[in-house]
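Novice: Got a structure for you, entry_17.txt, holding compact mmCIF, C-alpha atoms.
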# COMPACT_ATOMS: atom_id res chain seq x y z
CA MET A 280 0.00 0.00 0.00
CA LYS A 281 1.72 3.16 -1.19
CA LEU A 282 0.98 6.47 0.43
CA ASN A 283 1.04 9.15 -2.14
CA ARG A 284 -0.83 11.53 -4.45
CA VAL A 285 -4.25 10.76 -5.80
CA HIS A 286 -4.80 9.17 -9.19
CA ALA A 287 -7.83 10.19 -11.22
CA ALA A 288 -10.96 8.56 -9.86
CA ILE A 289 -13.25 6.44 -12.01
CA TRP A 290 -16.71 7.69 -11.19
CA GLY A 291 -19.70 5.42 -11.24
CA GLY A 292 -23.30 6.42 -11.25
CA MET A 293 -25.17 9.21 -12.92
CA THR A 294 -23.98 12.80 -13.35
CA CYS A 295 -26.14 15.88 -13.15
CA LEU A 296 -25.82 19.58 -12.44
CA LEU A 297 -26.23 20.21 -8.74
CA VAL A 298 -28.30 23.31 -9.20
CA GLY A 299 -31.84 22.15 -9.86
CA CYS A 300 -31.20 18.45 -9.15
CA GLN A 301 -32.99 18.55 -5.80
CA ASN A 302 -36.10 20.19 -4.51
CA THR A 303 -34.62 23.20 -2.78
CA THR A 304 -37.79 24.00 -0.89
CA GLY A 305 -37.62 20.94 1.37
CA THR A 306 -35.38 20.14 4.33
CA SER A 307 -33.20 17.20 5.23
CA ASN A 308 -34.95 16.70 8.56
CA ASP A 309 -37.17 13.91 7.24
CA ARG A 310 -34.04 11.87 6.53
CA LEU A 311 -33.49 11.51 10.25
CA GLU A 312 -36.80 9.69 10.55
CA ARG A 313 -35.38 6.84 8.49
CA GLU A 314 -33.08 4.34 10.08
CA ASN A 315 -30.57 4.79 7.25
CA ASN A 316 -30.88 6.60 3.94
CA GLU A 317 -29.06 3.77 2.16
CA THR A 318 -32.58 2.68 1.21
CA ASP A 319 -32.58 5.67 -1.17
CA LEU A 320 -29.35 4.69 -2.92
CA GLY A 321 -29.18 0.95 -2.48
CA SER A 322 -27.41 -1.14 0.12
CA ASP A 323 -24.04 -1.02 -1.69
CA THR A 324 -24.11 2.55 -2.98
CA LEU A 325 -23.21 5.88 -1.41
CA PRO A 326 -23.12 9.51 -2.48
CA CYS A 327 -19.92 9.73 -4.51
CA TRP A 328 -18.61 12.63 -2.46
CA LEU A 329 -18.63 10.54 0.72
CA GLN A 330 -15.61 8.48 -0.41
CA ALA A 331 -14.18 10.97 -2.91
CA PRO A 332 -14.70 14.54 -1.66
CA VAL A 333 -12.09 15.84 -4.12
CA SER A 334 -12.39 15.28 -7.86
CA ASP A 335 -11.20 16.93 -11.05
CA ASN A 336 -13.87 19.63 -10.91
CA VAL A 337 -14.61 20.14 -7.23
CA ARG A 338 -12.71 20.37 -3.97
CA GLY A 339 -15.19 19.59 -1.26
CA PHE A 340 -15.18 19.14 2.51
CA ILE A 341 -17.10 16.72 4.72
CA GLY A 342 -18.58 17.53 8.10
CA THR A 343 -20.16 15.10 10.56
CA SER A 344 -22.45 15.17 13.58
CA ALA A 345 -24.35 12.62 15.64
CA VAL A 346 -27.89 11.61 14.71
CA LEU A 347 -30.15 13.20 17.31
CA ASN A 348 -33.76 12.73 16.29
CA ALA A 349 -35.04 15.20 18.85
CA TYR A 350 -32.78 17.89 17.41
CA GLY A 351 -32.89 16.95 13.74
CA GLN A 352 -32.43 20.33 12.07
CA LEU A 353 -29.91 21.43 14.69
CA ALA A 354 -27.83 18.28 14.11
CA ILE A 355 -27.85 18.88 10.35
CA LYS A 356 -26.73 22.47 10.88
CA THR A 357 -23.94 21.29 13.20
CA SER A 358 -22.69 18.86 10.55
CA ARG A 359 -22.77 21.53 7.86
CA LYS A 360 -21.01 24.09 10.05
CA THR A 361 -18.21 21.59 10.60
CA ALA A 362 -17.82 21.21 6.83
CA LEU A 363 -17.86 24.99 6.46
CA ARG A 364 -15.09 25.39 9.05
CA LYS A 365 -12.89 22.89 7.18
CA LEU A 366 -13.53 24.69 3.90
CA ALA A 367 -12.68 28.06 5.41
CA HIS A 368 -9.54 26.76 7.12
CA PHE A 369 -8.22 25.26 3.90
CA HIS A 370 -8.98 28.33 1.78
CA LYS A 371 -7.92 30.75 4.54
CA ILE A 372 -11.32 32.43 4.70
CA ASN A 373 -12.34 34.37 7.81
CA LEU A 374 -15.88 33.39 8.81
CA THR A 375 -18.33 35.67 10.61
CA ASP A 376 -21.23 34.90 12.93
CA GLN A 377 -23.58 35.78 10.07
CA ASP A 378 -21.96 33.16 7.85
CA PHE A 379 -22.81 30.46 10.40
CA ALA A 380 -26.30 31.91 10.92
CA ASP A 381 -27.00 31.55 7.19
CA VAL A 382 -26.50 27.78 7.35
CA THR A 383 -29.85 25.96 7.39
CA ALA A 384 -31.13 22.38 7.10
CA GLN A 385 -32.55 22.96 3.62
CA ASP A 386 -31.85 19.99 1.32
CA HIS A 387 -29.80 21.86 -1.28
CA MET A 388 -28.62 25.35 -0.49
CA VAL A 389 -26.12 27.99 -1.56
CA ILE A 390 -24.97 30.71 0.83
CA SER A 391 -22.89 33.81 0.19
CA LEU A 392 -20.13 34.31 2.73
CA SER A 393 -19.11 37.72 4.00
CA SER A 394 -15.87 37.21 2.07
CA GLY A 395 -17.84 37.10 -1.18
CA HIS A 396 -17.46 33.35 -1.76
CA ALA A 397 -20.50 31.25 -2.69
CA VAL A 398 -20.65 27.93 -0.82
CA THR A 399 -22.89 25.03 -1.85
CA PHE A 400 -24.27 22.38 0.53
CA VAL A 401 -25.72 19.23 -1.03
CA PRO A 402 -28.36 17.03 0.68
CA VAL A 403 -26.95 15.29 3.74
CA HIS A 404 -26.25 11.57 3.94
CA VAL A 405 -27.63 9.96 7.09
CA THR A 406 -26.67 6.59 8.56
CA LYS A 407 -27.87 5.05 11.81
CA ALA A 408 -25.43 7.13 13.85
CA VAL A 409 -23.89 9.85 11.67
CA ILE A 410 -25.02 12.82 9.60
CA TYR A 411 -22.58 13.58 6.78
CA SER A 412 -22.56 17.00 5.11
CA TYR A 413 -20.68 18.14 2.05
CA ALA A 414 -19.71 21.69 1.10
CA PHE A 415 -17.66 23.30 -1.65
CA ILE A 416 -17.00 26.71 -3.15
CA GLY A 417 -19.16 27.49 -6.20
CA SER A 418 -22.78 27.03 -7.13
CA ALA A 419 -22.86 25.11 -10.41
CA VAL A 420 -20.71 21.99 -10.42
CA ALA A 421 -21.40 18.63 -12.08
CA LEU A 422 -21.19 15.73 -9.63
CA PRO A 423 -22.02 12.02 -9.87
CA LEU A 424 -25.11 11.13 -7.85
CA SER A 425 -24.16 7.70 -6.50
CA CYS A 426 -21.19 5.33 -6.54
CA SER A 427 -20.52 1.80 -5.36
CA GLU A 428 -19.08 1.64 -1.88
CA LYS A 429 -15.32 1.12 -1.93
CA HIS A 430 -13.72 -1.46 0.36
CA CYS A 431 -9.95 -1.53 0.95
CA ASN A 432 -8.03 -4.56 -0.26
CA PHE A 433 -4.39 -4.30 0.75
CA ASP A 434 -3.39 -7.42 -1.19
CA THR A 435 -4.70 -6.22 -4.55
CA CYS A 436 -4.19 -2.48 -3.93
CA SER A 437 -7.83 -1.68 -4.41
CA PRO A 438 -8.79 1.11 -4.76
CA GLN A 439 -5.91 2.03 -7.04
CA TRP A 440 -4.80 5.03 -5.00
CA LEU A 441 -3.58 2.66 -2.28
CA CYS A 442 -0.66 1.86 -4.62
CA SER A 443 -0.01 5.34 -5.96
CA THR A 444 3.67 6.34 -6.26
CA ASP A 445 3.31 10.12 -6.16
CA GLN A 446 4.36 12.33 -3.26
CA ASN A 447 2.67 14.78 -0.91
CA THR A 448 -0.01 12.41 0.33
CA ILE A 449 -0.61 10.64 3.62
CA THR A 450 -2.83 7.62 4.19
CA SER A 451 -4.41 7.58 7.63
CA VAL A 452 -6.64 5.11 9.42
CA SER A 453 -9.20 5.30 12.20
CA TYR A 454 -10.93 2.38 13.88
CA PHE A 455 -14.67 2.53 14.53
CA THR A 456 -14.93 4.63 17.68
CA ALA A 457 -17.42 4.67 20.53
CA ILE A 458 -18.56 8.00 19.07
CA PRO A 459 -19.09 7.13 15.36
CA HIS A 460 -19.29 10.69 14.08
CA GLU A 461 -15.76 11.32 15.45
CA GLN A 462 -14.18 8.63 13.22
CA LEU A 463 -13.45 11.06 10.38
CA ALA A 464 -12.01 13.64 12.77
CA GLU A 465 -9.82 10.97 14.37
CA SER A 466 -8.51 10.01 10.94
CA GLU A 467 -7.63 13.65 10.29
CA ARG A 468 -5.78 13.89 13.60
CA ASN A 469 -3.85 10.70 12.83
CA ALA A 470 -2.91 12.06 9.41
CA GLY A 471 -1.65 15.24 11.06
CA VAL A 472 0.58 13.20 13.40
CA ILE A 473 2.05 11.23 10.48
CA ALA A 474 2.57 14.35 8.37
CA SER A 475 4.30 16.11 11.27
CA LEU A 476 6.65 13.18 11.87
CA LEU A 477 7.60 13.00 8.21
CA ASP A 478 8.04 16.76 7.87
CA THR A 479 10.75 17.07 10.54
CA ALA A 480 11.28 14.60 13.38
CA ASN A 481 13.65 14.93 16.31
CA VAL A 482 15.04 11.49 17.19
CA GLN A 483 16.60 11.02 20.63
CA VAL A 484 16.96 7.35 21.54
CA ILE A 485 19.36 4.95 23.22
CA ASP A 486 19.63 1.41 21.88
CA THR A 487 21.13 -1.37 23.95
CA GLN A 488 22.14 -4.70 22.41
CA THR A 489 23.30 -7.66 24.47
CA GLU A 490 24.70 -10.80 22.88
CA LEU A 491 25.22 -13.97 24.92
CA TYR A 492 27.21 -16.98 23.81
CA GLN A 493 27.07 -19.86 26.29
CA ASP A 494 28.30 -23.43 26.25
CA LEU A 495 25.72 -25.65 27.95
CA SER A 496 26.84 -29.31 28.09
CA GLY A 497 28.57 -29.00 24.79
CA GLU A 498 25.72 -27.08 23.10
CA ILE A 499 26.43 -23.53 21.97
CA VAL A 500 23.57 -21.15 22.72
CA HIS A 501 23.51 -17.71 21.08
CA SER A 502 20.97 -15.09 22.09
CA ILE A 503 20.56 -11.42 21.27
CA LYS A 504 18.54 -9.02 23.38
CA ARG A 505 17.76 -5.48 22.31
CA SER A 506 16.10 -2.66 24.20
CA ARG A 507 15.30 0.92 23.28
CA SER A 508 14.51 4.03 25.28
CA GLY A 509 13.91 7.61 24.22
CA GLU A 510 11.43 9.34 21.94
CA VAL A 511 10.68 10.64 18.48
CA THR A 512 8.99 14.05 18.50
CA ALA A 513 7.84 16.56 15.91
CA GLU A 514 6.33 20.00 15.72
CA ARG A 515 2.71 20.11 14.66
CA LEU A 516 2.41 20.68 10.91
CA SER A 517 0.70 24.02 10.30
CA ALA A 518 -0.20 23.40 6.66
CA PRO A 519 -3.78 22.12 6.21
CA LEU A 520 -4.44 18.58 5.01
CA LEU A 521 -6.94 17.93 2.23
CA HIS A 522 -9.06 14.79 2.57
CA THR A 523 -9.25 13.38 -0.96
CA ARG A 524 -10.21 9.67 -0.90
CA SER A 525 -11.37 6.94 1.46
CA CYS A 526 -12.37 3.29 1.67
CA THR A 527 -13.35 0.94 4.47
CA TYR A 528 -11.58 -2.12 5.86
CA GLY A 529 -14.03 -3.83 8.17
CA ASN A 530 -14.62 -1.29 10.93
CA THR A 531 -11.50 0.66 9.98
CA PHE A 532 -11.78 3.89 8.00
CA VAL A 533 -8.85 4.40 5.60
CA ALA A 534 -8.44 7.85 4.07
CA GLN A 535 -5.94 9.64 1.89
CA TYR A 536 -4.88 13.21 2.66
CA GLU A 537 -2.96 15.59 0.46
CA VAL A 538 -0.24 17.55 2.23
CA GLN A 539 -0.30 21.21 1.24
CA ARG A 540 3.44 21.76 1.15
CA ILE A 541 5.99 21.79 -1.63
CA ILE A 542 8.53 18.98 -1.63
CA PRO A 543 11.33 19.88 -4.06
CA HIS A 544 12.63 16.29 -4.21
CA ARG A 545 10.60 14.54 -6.89
CA PHE A 546 11.57 10.95 -7.47
CA LYS A 547 10.60 7.93 -9.49
CA LEU A 548 11.56 4.67 -7.80
CA ALA A 549 12.81 1.65 -9.70
CA ALA A 550 10.91 -1.62 -9.55
CA ASP A 551 13.48 -3.15 -7.19
CA TRP A 552 13.79 -0.14 -4.90
CA LYS A 553 13.00 -2.15 -1.75
CA SER A 554 16.20 -4.13 -2.18
CA GLN A 555 18.27 -0.96 -2.40
CA PRO A 556 19.41 0.83 0.80
CA TYR A 557 19.82 4.16 -1.02
CA TYR A 558 18.11 6.18 -3.74
CA GLN A 559 20.27 8.87 -5.35
CA GLY A 560 22.33 9.14 -2.18
CA ARG A 561 19.31 9.24 0.13
CA ALA A 562 18.82 6.46 2.64
CA ILE A 563 15.72 4.23 2.53
CA ALA A 564 14.75 2.88 5.94
CA LEU A 565 12.33 0.09 6.82
CA GLY A 566 10.30 0.35 10.00
CA ASN A 567 7.89 -2.21 11.38
CA PHE A 568 5.56 -2.98 14.23
CA GLY A 569 3.81 -6.21 15.17
CA GLU A 570 6.25 -8.75 13.72
CA MET A 571 6.53 -10.56 17.05
CA GLY A 572 2.80 -10.56 17.68
CA ALA A 573 2.86 -7.37 19.76
CA MET A 574 -0.16 -5.09 19.87
CA THR A 575 -0.52 -1.50 20.97
CA ALA A 576 -2.11 -0.78 24.33
CA ASP A 577 -5.06 0.92 22.65
CA THR A 578 -5.35 -1.89 20.03
CA LEU A 579 -5.54 0.73 17.24
CA LEU A 580 -4.05 0.23 13.79
CA SER A 581 -3.29 3.95 13.61
CA THR A 582 -1.04 3.66 16.68
CA ALA A 583 0.74 0.64 15.17
CA ILE A 584 1.44 2.67 12.00
CA ASP A 585 2.73 5.54 14.13
CA TYR A 586 5.15 3.17 15.92
CA ALA A 587 6.34 1.71 12.61
CA ILE A 588 7.05 5.18 11.21
CA LYS A 589 8.99 6.10 14.33
CA ASP A 590 10.98 2.87 13.99
CA ALA A 591 11.91 3.81 10.41
CA LEU A 592 12.86 7.35 11.43
CA ILE A 593 15.15 5.94 14.11
CA GLU A 594 16.85 3.79 11.46
CA LEU A 595 17.30 6.92 9.30
CA ALA A 596 18.81 8.71 12.28
CA LYS A 597 21.24 5.84 12.80
CA VAL A 598 22.44 6.24 9.22
CA LYS A 599 23.26 9.88 9.99
CA GLY A 600 25.21 9.07 13.12
CA VAL A 601 25.44 6.70 16.08
CA THR A 602 27.57 7.18 19.18
CA VAL A 603 28.75 4.16 21.16
CA THR A 604 28.30 5.27 24.78
CA SER A 605 29.35 2.08 26.54
CA GLU A 606 30.60 -1.39 25.70
CA VAL A 607 31.15 -4.48 27.84
CA ASN A 608 32.90 -7.69 26.75
CA ILE A 609 33.39 -10.73 28.97
CA HIS A 610 35.24 -13.77 27.67
CA PHE A 611 36.27 -16.87 29.62
CA GLU A 612 39.27 -18.79 28.31
CA ASN A 613 37.61 -22.17 28.98
CA GLY A 614 34.98 -21.29 26.45
CA HIS A 615 32.04 -21.56 28.80
CA TYR A 616 30.46 -18.25 27.76
CA LEU A 617 31.03 -14.85 26.20
CA LEU A 618 28.93 -11.80 27.06
CA SER A 619 29.07 -8.76 24.84
CA GLU A 620 26.99 -5.65 25.53
CA ALA A 621 27.02 -2.30 23.73
CA GLN A 622 24.95 0.84 24.23
CA PHE A 623 24.39 3.23 21.35
CA SER A 624 23.15 6.81 21.55
CA VAL A 625 21.28 8.46 18.67
CA ASN A 626 20.55 12.18 18.66
CA GLN A 627 19.64 13.41 15.20
CA ILE A 628 17.04 15.50 13.40
CA VAL A 629 15.67 13.71 10.36
CA SER A 630 12.99 14.21 7.73
CA GLY A 631 11.47 11.58 5.50
CA ASP A 632 9.00 10.85 2.75
CA LEU A 633 6.69 7.95 3.51
CA ILE A 634 6.87 6.03 0.25
CA ASP A 635 5.19 2.73 1.06
CA ILE A 636 3.22 1.01 3.76
CA LYS A 637 1.98 -2.55 3.95
CA VAL A 638 -0.52 -3.85 6.48
CA SER A 639 -1.39 -7.48 7.09
CA TYR A 640 -3.06 -9.32 9.91
CA LYS A 641 -2.00 -12.43 11.85
CA ASN A 642 -4.19 -13.91 14.57
CA GLY A 643 -6.28 -10.75 14.48
CA LYS A 644 -3.28 -8.46 15.13
CA PRO A 645 -1.87 -6.00 12.57
CA ILE A 646 1.65 -6.26 11.20
CA VAL A 647 2.79 -2.95 9.74
CA TYR A 648 5.79 -2.28 7.49
CA VAL A 649 6.70 1.22 6.33
CA TRP A 650 9.46 2.50 4.07
CA VAL A 651 10.74 6.03 4.55
CA LEU A 652 13.04 7.89 2.17
CA GLU A 653 15.43 10.41 3.74
CA VAL A 654 14.92 14.07 2.84
CA VAL A 655 18.27 15.86 2.54
Can you turn what I pasted into C-alpha cells?

Specialist:
Amino acid sequence: MKLNRVHAAIWGGMTCLLVGCQNTTGTSNDRLERENNETDLGSDTLPCWLQAPVSDNVRGFIGTSAVLNAYGQLAIKTSRKTALRKLAHFHKINLTDQDFADVTAQDHMVISLSSGHAVTFVPVHVTKAVIYSYAFIGSAVALPLSCSEKHCNFDTCSPQWLCSTDQNTITSVSYFTAIPHEQLAESERNAGVIASLLDTANVQVIDTQTELYQDLSGEIVHSIKRSRSGEVTAERLSAPLLHTRSCTYGNTFVAQYEVQRIIPHRFKLAADWKSQPYYQGRAIALGNFGEMGAMTADTLLSTAIDYAIKDALIELAKVKGVTVTSEVNIHFENGHYLLSEAQFSVNQIVSGDLIDIKVSYKNGKPIVYVWVLEVV
C-alpha cells in the first residue's frame, strides 16, 4: 500500500448539475426519521462525495455530527457548520457569525459568505449514527449522484490510490470509535501526526544490544537481546491537510490526505527499490511494528502505523550518526560463555517521505511495514 498523491478517480453512477437536481424548498430533517438513507441509494451505494470529496472539478469538505432525532435540524446544521469550518480553514477564509447563521437544514442550499465566496451544501447523507454534510465553493458543479461503496483490499491495492507512487499524500486510518461521528475527525488527527513526523522529526533514543554466547553441556547457545529508550517528537504541521479519498476495511476507515506543502525532491523509484538501501544518495529505511505478535495498548491500527514510522525514522537517524556510549565484553578462556553488551546513543534530526506502507493481519493483530526515504 503506497501512500502518495491521488490518481484520477473512475466515477460510477449518474452525473447531473447540482443546481436544480434537488427540490430546494424541502429540508433534510425527514431523513433523520429513516433508520438509514441507504434505502434511497441501495445497500451497496453511497453519495460519490462521501468516499471521494475531491475530484477533477470540485474540492469539497465533509462535516459530521451525531444523529439526534429530537434535534434533527440542529444536528444537520452542526454537521454543515463543521464542513464549512474545514472549507474556510483550507482556503484561509475568515468566517463571521452571520456566515454560520445563514447555514440551514434545507436539502440543497447555496450561501454567500461575507468574504464574497459562494458555498454550496448538497443534501446530507444519514446513517444510523452519523449525519454527513458536504460543502464546496461554487454554485454550479457537475457531480455524480451515486457510486458503489469502496472497500480496501491491501493485497490487490484496491482502490488504485492505495498503490499510488506520487508524493505529498498521507494515508491515515481510524478504527470505529465509541462516538461514530468522530471517526473522520480521528482520521484527520492521525494524518496530522504522520505528516508532522515525516516533515521534521527529532530522534533522541538509546539502543542497547546484548549478545550472549554460552556453552551448555557441549551445546552452543547464542541469544541477542535489544532494548530501546527515548522518543521521536515533531512539531505540529501548520499546513492544512486535504481529505481526498477513502475506503473501508471492516470497521477501519482508511483515508488519503494531500499535504499542502511543496517537496522539491521529486523521485521515481525503480521496480526493485525495496532491495536498495539508497536512492540517489538518500537512505531508505524500513520500520515495522507487530512482527513478534505485539499489539498496541489501545489496540488501534493507527497507533501501530505511528510506531512503525517512528521505527523507520530511528533507522534513518542511525544512518546519519550513532555514538557508542558504553561497551562491555566478557570472555572466559575455557569457552564456557562470552557476554558482549554495547549501548548506542542516537541524537539526530531527520525528515522523511513515507513512500510505502503494507498492512497485514496475523491472529487478528496488525503487522505494519513502512518505508521512509530520507529528505536531505

Novice: Interatomic distance between atom CA of A:Ala474 and atom CA of A:Ile634?

Specialist: 12.4 Å

Novice: Quick one: of A:Asn481, A:Ser412, A:Ser581, A:Ser394, who's nearest to A:Ile341, counting only C-alpha atoms?

Specialist: A:Ser412

Novice: Could you list, as number ranges by chain, every residue within 8 Å of A:Thr357, counting only C-alpha atoms and ignoring same-chain residues fewer than 3 positions away?

Specialist: A: 343-344, 353-354, 360-361

Novice: Where's the centre, and what are the edge lengths in Å to one decimal, of a box along x, y and z enclosing all listed atoms of stretch 572-583 of chain A padded 8 Å per side, as lines of an AutoDock Vina configuration file?

Specialist:
center_x = -1.3
center_y = -3.3
center_z = 19.0
size_x = 24.4
size_y = 30.5
size_z = 26.7

Novice: Go ahead and compute the interatomic distance for atom CA of A:Glu594 and atom CA of A:Ala564, in Å to one decimal.

Specialist: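 Value for the atom CA of A:Glu594-atom CA of A:Ala564 distance: 6.0 Å.
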